[in-house]
Each structure stands twice: as structure tokens, then as C-alpha cells.
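As stored in entry.txt (compact mmCIF, C-alpha atoms):
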# COMPACT_ATOMS: atom_id res chain seq x y z
CA MET I 1 0.00 0.00 0.00
CA THR I 2 1.50 3.34 -1.07
CA TYR I 3 1.64 6.51 1.00
CA TYR I 4 -1.17 7.95 -1.13
CA HIS I 5 -3.34 4.87 -0.56
CA LYS I 6 -2.70 5.20 3.18
CA ALA I 7 -3.72 8.87 3.09
CA LEU I 8 -6.96 8.05 1.33
CA SER I 9 -7.61 5.09 3.62
CA ALA I 10 -7.05 7.23 6.69
CA LEU I 11 -9.72 9.65 5.50
CA ALA I 12 -12.13 7.01 4.29
CA ALA I 13 -14.56 5.72 6.87
CA THR I 14 -17.10 3.05 6.16
CA VAL I 15 -20.39 4.69 5.18
CA LEU I 16 -22.80 3.64 7.89
CA ILE I 17 -25.89 3.36 5.74
CA ALA I 18 -26.52 0.78 3.08
CA THR I 19 -28.88 2.13 0.42
CA ALA I 20 -30.75 -0.08 -1.97
CA THR I 21 -31.69 0.98 -5.46
CA CYS I 22 -34.36 -0.92 -7.35
CA GLY I 23 -33.75 -1.79 -10.98
CA ALA I 24 -35.62 -3.69 -13.67
CA TYR I 25 -34.65 -7.19 -14.56
CA ALA I 26 -32.92 -7.50 -17.93
CA GLN I 27 -34.92 -9.35 -20.58
CA ASP I 28 -34.07 -10.52 -24.08
CA LYS I 29 -36.81 -8.51 -25.76
CA ALA I 30 -37.53 -4.83 -25.21
CA ALA I 31 -41.25 -5.46 -24.75
CA GLU I 32 -40.58 -8.11 -22.09
CA ALA I 33 -38.14 -5.79 -20.34
CA LYS I 34 -40.73 -3.01 -20.17
CA GLU I 35 -43.37 -5.37 -18.84
CA ALA I 36 -41.01 -6.89 -16.25
CA ALA I 37 -39.98 -3.43 -15.05
CA ASP I 38 -43.57 -2.39 -14.28
CA PRO I 39 -43.66 -2.28 -10.47
CA ALA I 40 -47.44 -2.67 -10.44
CA LYS I 41 -47.42 -5.93 -12.38
CA VAL I 42 -48.84 -8.77 -10.24
CA LEU I 43 -46.63 -11.87 -10.32
CA ALA I 44 -48.56 -14.03 -7.82
CA THR I 45 -51.28 -13.92 -5.19
CA VAL I 46 -51.21 -15.45 -1.72
CA ASN I 47 -54.63 -15.94 -0.16
CA GLY I 48 -55.88 -13.18 -2.42
CA GLN I 49 -53.01 -10.80 -1.58
CA PRO I 50 -51.00 -9.74 -4.66
CA ILE I 51 -47.24 -9.86 -4.90
CA THR I 52 -46.10 -7.24 -7.38
CA GLN I 53 -42.99 -6.79 -9.47
CA GLY I 54 -42.08 -3.83 -7.26
CA GLU I 55 -42.15 -6.02 -4.15
CA VAL I 56 -39.97 -8.63 -5.88
CA ASP I 57 -37.50 -5.95 -6.97
CA GLN I 58 -37.32 -4.68 -3.40
CA ALA I 59 -36.92 -8.19 -2.00
CA SER I 60 -34.12 -9.04 -4.42
CA ASN I 61 -32.17 -6.06 -3.05
CA ASP I 62 -33.04 -6.38 0.64
CA LEU I 63 -32.93 -10.14 1.19
CA ASP I 64 -29.98 -12.55 1.04
CA PRO I 65 -26.97 -10.83 -0.61
CA GLN I 66 -26.31 -14.08 -2.47
CA PHE I 67 -29.33 -13.23 -4.66
CA SER I 68 -27.22 -10.63 -6.46
CA ARG I 69 -24.95 -13.37 -7.79
CA LEU I 70 -27.77 -15.19 -9.53
CA PRO I 71 -28.82 -14.65 -13.15
CA ASP I 72 -31.71 -12.21 -13.52
CA GLU I 73 -34.48 -14.78 -13.94
CA GLN I 74 -33.23 -16.99 -11.10
CA ARG I 75 -32.91 -13.95 -8.84
CA ARG I 76 -36.50 -12.94 -9.56
CA LEU I 77 -37.79 -16.46 -8.87
CA ALA I 78 -35.74 -16.74 -5.66
CA ALA I 79 -37.07 -13.40 -4.43
CA LEU I 80 -40.63 -14.38 -5.30
CA ALA I 81 -40.27 -17.67 -3.42
CA ALA I 82 -38.85 -15.81 -0.42
CA LEU I 83 -41.78 -13.38 -0.44
CA ILE I 84 -44.29 -16.23 -0.50
CA ASP I 85 -42.53 -17.80 2.50
CA ILE I 86 -42.53 -14.45 4.31
CA LYS I 87 -46.24 -13.91 3.68
CA ALA I 88 -47.00 -17.46 4.83
CA LEU I 89 -45.36 -16.91 8.20
CA ALA I 90 -46.61 -13.32 8.46
CA THR I 91 -50.19 -14.56 8.00
CA GLU I 92 -49.79 -16.91 10.93
CA GLY I 93 -48.16 -14.17 12.98
CA LYS I 94 -51.12 -11.87 12.42
CA ALA I 95 -53.53 -14.69 13.31
CA GLU I 96 -51.76 -14.96 16.65
CA LYS I 97 -51.82 -11.15 16.99
CA LEU I 98 -48.06 -10.90 17.22
CA ASP I 99 -48.31 -7.61 15.36
CA GLN I 100 -50.23 -6.15 18.31
CA THR I 101 -47.45 -6.55 20.87
CA ASP I 102 -45.55 -3.53 22.16
CA GLU I 103 -42.27 -5.14 21.16
CA PHE I 104 -43.43 -5.57 17.55
CA LYS I 105 -44.76 -2.02 17.32
CA GLN I 106 -41.50 -0.67 18.71
CA ARG I 107 -39.52 -2.62 16.13
CA MET I 108 -41.78 -1.44 13.31
CA ASN I 109 -41.24 2.16 14.38
CA PHE I 110 -37.50 1.63 14.29
CA LEU I 111 -37.62 -0.04 10.86
CA SER I 112 -39.77 2.77 9.52
CA ASP I 113 -37.39 5.44 10.83
CA ARG I 114 -34.39 3.60 9.45
CA ALA I 115 -35.99 3.25 6.02
CA LEU I 116 -36.77 6.97 5.94
CA HIS I 117 -33.23 7.72 7.12
CA ASN I 118 -31.83 5.68 4.24
CA GLU I 119 -34.14 7.24 1.67
CA TYR I 120 -33.24 10.76 2.79
CA PHE I 121 -29.54 9.88 2.78
CA LYS I 122 -29.87 8.58 -0.76
CA LYS I 123 -31.86 11.57 -1.99
CA GLU I 124 -29.83 14.31 -0.32
CA ILE I 125 -26.32 12.84 -0.54
CA VAL I 126 -25.81 9.76 -2.71
CA ASP I 127 -27.83 10.94 -5.70
CA LYS I 128 -26.29 14.42 -5.61
CA ILE I 129 -22.63 13.36 -5.77
CA THR I 130 -21.32 13.88 -9.29
CA ASP I 131 -18.22 12.52 -10.98
CA ALA I 132 -16.88 16.08 -10.89
CA ASP I 133 -17.31 16.12 -7.08
CA VAL I 134 -15.33 12.90 -6.75
CA ARG I 135 -12.60 14.11 -9.10
CA ALA I 136 -12.28 17.40 -7.21
CA ARG I 137 -11.94 15.54 -3.89
CA TYR I 138 -9.28 13.29 -5.42
CA ASP I 139 -7.32 16.27 -6.78
CA LYS I 140 -7.57 18.02 -3.41
CA GLU I 141 -6.21 15.01 -1.55
CA ILE I 142 -3.36 14.42 -3.99
CA ALA I 143 -2.40 18.11 -3.88
CA ALA I 144 -2.37 18.06 -0.07
CA THR I 145 -0.21 14.94 0.14
CA PRO I 146 3.51 15.73 0.14
CA PRO I 147 5.58 13.71 -2.35
CA GLN I 148 7.31 10.72 -0.84
CA ASN I 149 10.28 8.71 -1.99
CA GLU I 150 10.13 4.97 -2.51
CA VAL I 151 12.81 2.43 -3.28
CA ARG I 152 13.10 -0.92 -4.98
CA ALA I 153 15.36 -3.34 -3.14
CA ARG I 154 16.47 -6.94 -3.02
CA HIS I 155 17.57 -8.79 0.06
CA ILE I 156 19.05 -12.04 1.25
CA LEU I 157 17.78 -13.24 4.62
CA VAL I 158 19.77 -15.74 6.69
CA LYS I 159 19.71 -16.90 10.29
CA THR I 160 23.18 -15.88 11.48
CA LYS I 161 25.50 -12.90 11.20
CA GLU I 162 28.29 -15.19 10.03
CA GLU I 163 26.22 -16.40 7.09
CA ALA I 164 25.40 -12.81 6.09
CA GLU I 165 29.08 -11.81 6.31
CA ALA I 166 30.05 -14.74 4.09
CA ILE I 167 27.49 -13.61 1.48
CA ILE I 168 28.87 -10.05 1.55
CA LYS I 169 32.36 -11.45 0.87
CA LYS I 170 31.01 -13.33 -2.14
CA LEU I 171 29.40 -10.14 -3.43
CA ASP I 172 32.69 -8.30 -2.97
CA GLY I 173 34.27 -11.03 -5.05
CA GLY I 174 31.89 -10.43 -7.94
CA ALA I 175 29.07 -12.91 -7.27
CA LYS I 176 25.61 -11.94 -8.58
CA PHE I 177 23.18 -10.85 -5.87
CA GLU I 178 20.24 -12.59 -7.54
CA ASP I 179 22.06 -15.93 -7.69
CA LEU I 180 23.07 -15.75 -4.03
CA ALA I 181 19.50 -14.86 -3.03
CA LYS I 182 18.14 -17.91 -4.83
CA GLU I 183 20.77 -20.14 -3.24
CA SER I 184 20.85 -18.86 0.33
CA SER I 185 17.89 -16.65 1.27
CA THR I 186 15.26 -18.10 3.59
CA ASP I 187 12.72 -15.45 2.55
CA GLY I 188 9.82 -16.08 0.19
CA SER I 189 11.32 -13.62 -2.29
CA ALA I 190 14.31 -15.91 -2.88
CA ALA I 191 12.79 -17.39 -6.04
CA ASN I 192 12.71 -13.87 -7.52
CA GLY I 193 16.32 -13.16 -6.65
CA GLY I 194 15.30 -11.45 -3.42
CA ASP I 195 13.31 -8.77 -5.24
CA LEU I 196 10.91 -6.95 -2.87
CA GLY I 197 9.63 -4.48 -5.45
CA TYR I 198 9.00 -0.85 -4.59
CA PHE I 199 8.12 0.21 -1.06
CA GLY I 200 7.80 3.49 0.79
CA GLN I 201 8.65 4.61 4.27
CA GLY I 202 6.76 2.85 7.03
CA GLN I 203 6.22 -0.36 5.06
CA MET I 204 9.25 -2.27 6.36
CA VAL I 205 10.65 -2.82 9.84
CA PRO I 206 12.68 0.24 10.93
CA GLU I 207 16.15 -1.35 10.77
CA PHE I 208 15.58 -2.68 7.27
CA GLU I 209 14.02 0.55 6.02
CA LYS I 210 16.82 2.74 7.40
CA ALA I 211 19.51 0.63 5.73
CA ALA I 212 17.68 0.43 2.40
CA PHE I 213 16.98 4.15 2.12
CA ALA I 214 20.61 4.97 3.00
CA LEU I 215 21.95 3.05 -0.02
CA GLU I 216 22.52 4.36 -3.52
CA PRO I 217 21.15 2.44 -6.51
CA GLY I 218 23.40 -0.49 -7.38
CA SER I 219 25.04 -0.67 -3.95
CA TYR I 220 24.55 -3.20 -1.16
CA THR I 221 25.02 -3.19 2.60
CA LYS I 222 28.59 -3.87 3.67
CA GLU I 223 27.48 -5.04 7.11
CA PRO I 224 24.63 -7.44 7.95
CA VAL I 225 21.38 -5.73 8.94
CA GLN I 226 19.72 -7.41 11.91
CA THR I 227 15.94 -7.39 12.33
CA GLN I 228 13.46 -9.56 14.19
CA PHE I 229 13.48 -11.92 11.18
CA GLY I 230 17.22 -12.56 11.08
CA PHE I 231 20.18 -11.04 9.24
CA HIS I 232 19.76 -9.27 5.92
CA VAL I 233 22.04 -8.29 3.08
CA ILE I 234 20.27 -5.56 1.12
CA LYS I 235 20.85 -4.30 -2.40
CA LEU I 236 19.18 -1.12 -3.69
CA GLU I 237 17.93 -1.28 -7.26
CA ASP I 238 16.21 2.08 -7.69
CA LYS I 239 14.92 5.26 -6.01
CA ARG I 240 12.03 7.34 -7.25
CA THR I 241 9.25 9.68 -6.19
CA GLN I 242 6.18 7.70 -5.28
CA GLN I 243 3.41 8.03 -7.83
CA PRO I 244 -0.15 8.68 -6.64
CA PRO I 245 -2.77 6.05 -7.46
CA ALA I 246 -4.67 6.62 -10.69
CA PHE I 247 -8.08 8.21 -10.28
CA ASP I 248 -9.90 5.20 -11.74
CA GLN I 249 -8.11 2.97 -9.25
CA VAL I 250 -9.43 4.77 -6.17
CA LYS I 251 -12.54 6.63 -7.36
CA ASP I 252 -14.92 4.33 -5.45
CA GLN I 253 -12.92 4.88 -2.28
CA VAL I 254 -12.93 8.66 -2.85
CA ARG I 255 -16.69 8.59 -3.49
CA SER I 256 -17.12 6.90 -0.09
CA ILE I 257 -15.05 9.69 1.47
CA VAL I 258 -17.28 12.33 -0.10
CA MET I 259 -20.41 10.48 1.05
CA ARG I 260 -19.12 10.14 4.57
CA GLU I 261 -18.07 13.79 4.82
CA ARG I 262 -21.40 15.04 3.50
CA TYR I 263 -23.28 12.68 5.78
CA VAL I 264 -21.41 13.95 8.83
CA ASP I 265 -22.06 17.57 7.82
CA LEU I 266 -25.76 16.88 7.24
CA VAL I 267 -26.20 15.06 10.56
CA LYS I 268 -24.36 17.84 12.40
CA LYS I 269 -26.66 20.46 10.85
CA LEU I 270 -29.85 18.52 11.57
CA ARG I 271 -28.80 17.64 15.11
CA GLY I 272 -28.29 21.33 15.75
CA GLU I 273 -31.95 21.88 14.93
CA LEU I 274 -33.14 19.19 17.34
CA LYS I 275 -33.99 19.62 20.99
CA VAL I 276 -32.48 16.58 22.67
CA THR I 277 -32.77 15.96 26.41
CA TYR I 278 -31.40 13.08 28.45
CA ALA I 279 -32.93 11.60 31.59
CA ASP I 280 -29.55 10.54 32.97
CA PRO I 281 -26.81 13.23 33.37
CA ALA I 282 -24.13 10.55 32.97
CA ILE I 283 -25.54 9.57 29.57
CA GLU I 284 -25.73 13.22 28.57
CA LYS I 285 -22.07 13.72 29.47
CA ALA I 286 -21.00 10.58 27.59
CA MET I 287 -22.98 11.61 24.50
CA LYS I 288 -21.47 15.08 24.47
CA GLN I 289 -17.98 13.66 24.78
CA ALA I 290 -18.67 11.17 21.99
CA ASN I 291 -19.93 13.99 19.74
CA GLY I 292 -17.04 16.27 20.63
CA GLU I 293 -19.32 18.86 22.13
CA GLU I 294 -18.25 21.35 24.77
CA GLU I 295 -20.05 20.88 28.04
CA ALA I 296 -21.95 23.93 29.12
CA ALA I 297 -20.23 25.84 31.89
CA PRO I 298 -22.03 25.60 35.23
CA ALA I 299 -24.18 28.60 36.09
CA GLU I 300 -22.57 31.02 38.48
CA GLU I 301 -23.93 30.88 41.97
CA ALA I 302 -25.95 33.93 42.90
CA PRO I 303 -24.05 36.20 45.30
CA LYS I 304 -25.08 35.84 48.90
CA GLN I 305 -26.71 38.80 50.56
Encoded form using C-alpha cells:
Amino acid sequence: MTYYHKALSALAATVLIATATCGAYAQDKAAEAKEAADPAKVLATVNGQPITQGEVDQASNDLDPQFSRLPDEQRRLAALAALIDIKALATEGKAEKLDQTDEFKQRMNFLSDRALHNEYFKKEIVDKITDADVRARYDKEIAATPPQNEVRARHILVKTKEEAEAIIKKLDGGAKFEDLAKESSTDGSAANGGDLGYFGQGQMVPEFEKAAFALEPGSYTKEPVQTQFGFHVIKLEDKRTQQPPAFDQVKDQVRSIVMRERYVDLVKKLRGELKVTYADPAIEKAMKQANGEEEAAPAEEAPKQ
């Protein structure tokens, strides 16, 4: 992972809301596609209750994520079967008046609020983010990230200092580093002549990194470098300025950053318009600390007469 990837990853936080978007099932013929996409089309009835295309579309998005891996027709049939099963059990639940319990009503209120939360998030944030917004955020992050150097190095890892010193003597005598790595290194990179590719600062253990960055291209360490893994002989192949990731490579990650930032700003604004009170002062204090809010200063005591 490059320095630029780390910078983007540090900013990116997982978006807390999963939004579902309904789409029509693809069909071979245009007429069939139009008919299948009609959300009002009735696909089945259960005890006289219709199951529409819109319900199936919603189910295919909200139910088992494995549905998305199925071909269109199989996904539609699987969602329809799941809806029939749901209605079968829901019918029995209503017969037993489970929908009248306080617990059920409380859960339904929560599910309703969450659905509205997701719809508003989609309408006000997700749908309003343009490709230009994402590109601008990418350019801003790249511009704010100072250029970093990276190096390409090879190494030979052995168990003892004596073995490493013997390898250095062979190199001094003209032996090829790649050949010695294949013969003697205990590291997984031995098959590639000890090649570790390019890496930036912070990606290797400190002792190894310090020695590698101190070398000039084409040179190798004249003394064994000890780390927690053993003793290394390091050869530097190249130094260069680290290149930022291409926009297309990280645009989804940057889009998540934009979504998260706009979500936080929106929630902060809307919370400021709410009147929230807490029954327990300890909970109020914990919530304020969690939200980074300043606690109100205690009122000054009235002067005594």
C-alpha cells in the first residue's frame, strides 16, 4: 500500500448506511423488459393478496446478498419464493396477533425510521454526488499529500550474522546478488532473486528501512542488517518519487469519502436543529464527549446577601 493509498484510507470511513436501489430485470426482448420493469405488475397472489414486481425488486435487493450473484431470472424467482414464504409466516403471525405486541410495534417504528433515514440519505447525498465532485476531492487530496520517496530493493535473509558476512564477501568477489539470493535466502522472495519491489517509508521494519533508504542504486550493505526476522544483506535497485494512485483505481474509495463527509455535515446540521434531552446526566455527558461537544459551563452561583 502506497503513501497515497494510506492517506486516502485514513480519510475514508465506512459509510454507515446501506442504500438499496431498485432496478428492472434484464430481458431478451424490449417489450418483455418493459413489462417486467412495471412495479405494479402482479406476479402471484397469496390468499388473495397480490405480490407485485415492485415487491420482488425490493426483495431481491433487501434479502440474502447471495441473490445478487444469480442470473436475472433466477434472482427474480428466488425473491418471489422468499416473499411467499414471508407472507406465509406473516399470515400466521397476524392470526396470533403478534403484530399487536408492544415489542413488535417498537420494532416497526425503528424499521420505519431507518428506512426513511436511508431514503433521505440517498436523496440528499448519494444521488447528488457527481463525478466532478469525486474528481475534485481526489485532486484536493493528492495536492495536499507531500511527495514521498520509494525504493526498490532486493535482500538475502539468513539466520546468522556469520552467514550474512560470508554472502557479503562473495558479493565483494563479484558474485551476482540474484544468484546468491536464490541459493541462500530463507525469505519467500528468494525465487525472484530477493526482489521486494518498490516500497515506501513505514512499510518495512525500521532497521531494514533505514539501511535500504541509506543506499545508492546499485550498492549493497557492507554489514549485515539485523531485524526480528534474522540477518539481511540488502541491495538497492532504484529510487524514485512515489506516484499517486490513478483516479480510476481509487474513485470508489474517494466517493465513499465524499459520502461520509457530506453525511457527517448533514447530521451535524440537523442535530443542531433538534432539541435533545437526556434523563440521565451521565448519559448526557457521555454523548457530548462522543460527539465532541463542549459541556456547558455551570451557572454562576448567585451572590449571597
Inset, instruction - Go through I:Gln249, I:Thr160, I:Thr130, I:Ser112 and flag the residue nearest His232 of chain I, using only C-alpha atoms for the distances. - result: I:Thr160
Inset, instruction - Go through I:Ala81, I:Ala88, I:Leu116, I:Ala136 and flag the residue nearest Ile257 of chain I, using only C-alpha atoms for the distances. - result: I:Ala136
Legend entry - Close residues, Ser219 of chain I itself excluded, 6 Å, all atoms listed in the file, min 2 positions apart in chain, as a PyMOL selection string: chain I and resi 216-217+235-236
Selection above as a file: C-alpha atoms, as a PDB file, in the coordinates of the input:
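Written output follows (part.pdb):
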ATOM      1  CA  GLU I 216      22.520   4.360  -3.520  1.00  0.00           C
ATOM      2  CA  PRO I 217      21.150   2.440  -6.510  1.00  0.00           C
ATOM      3  CA  LYS I 235      20.850  -4.300  -2.400  1.00  0.00           C
ATOM      4  CA  LEU I 236      19.180  -1.120  -3.690  1.00  0.00           C
TER       5      LEU I 236
END
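Proximity of I:Arg152, I:Arg135, I:Arg107, I:Lys128 to Arg240 of chain I, computed with only C-alpha atoms, is greatest for I:Arg152.
Across the model, the gap from atom CA of Pro71 of chain I to atom CA of Gln53 of chain I is 16.6 Å.
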Legend entry - Contacts of Val225 of chain I at 9 Å (only C-alpha atoms; same-chain gap of 6+ positions) as a PyMOL selection string: chain I and resi 161+164+207-208+211+231-234
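Note that atom CA of Pro244 of chain I and atom CA of Ala132 of chain I are 18.8 Å apart.
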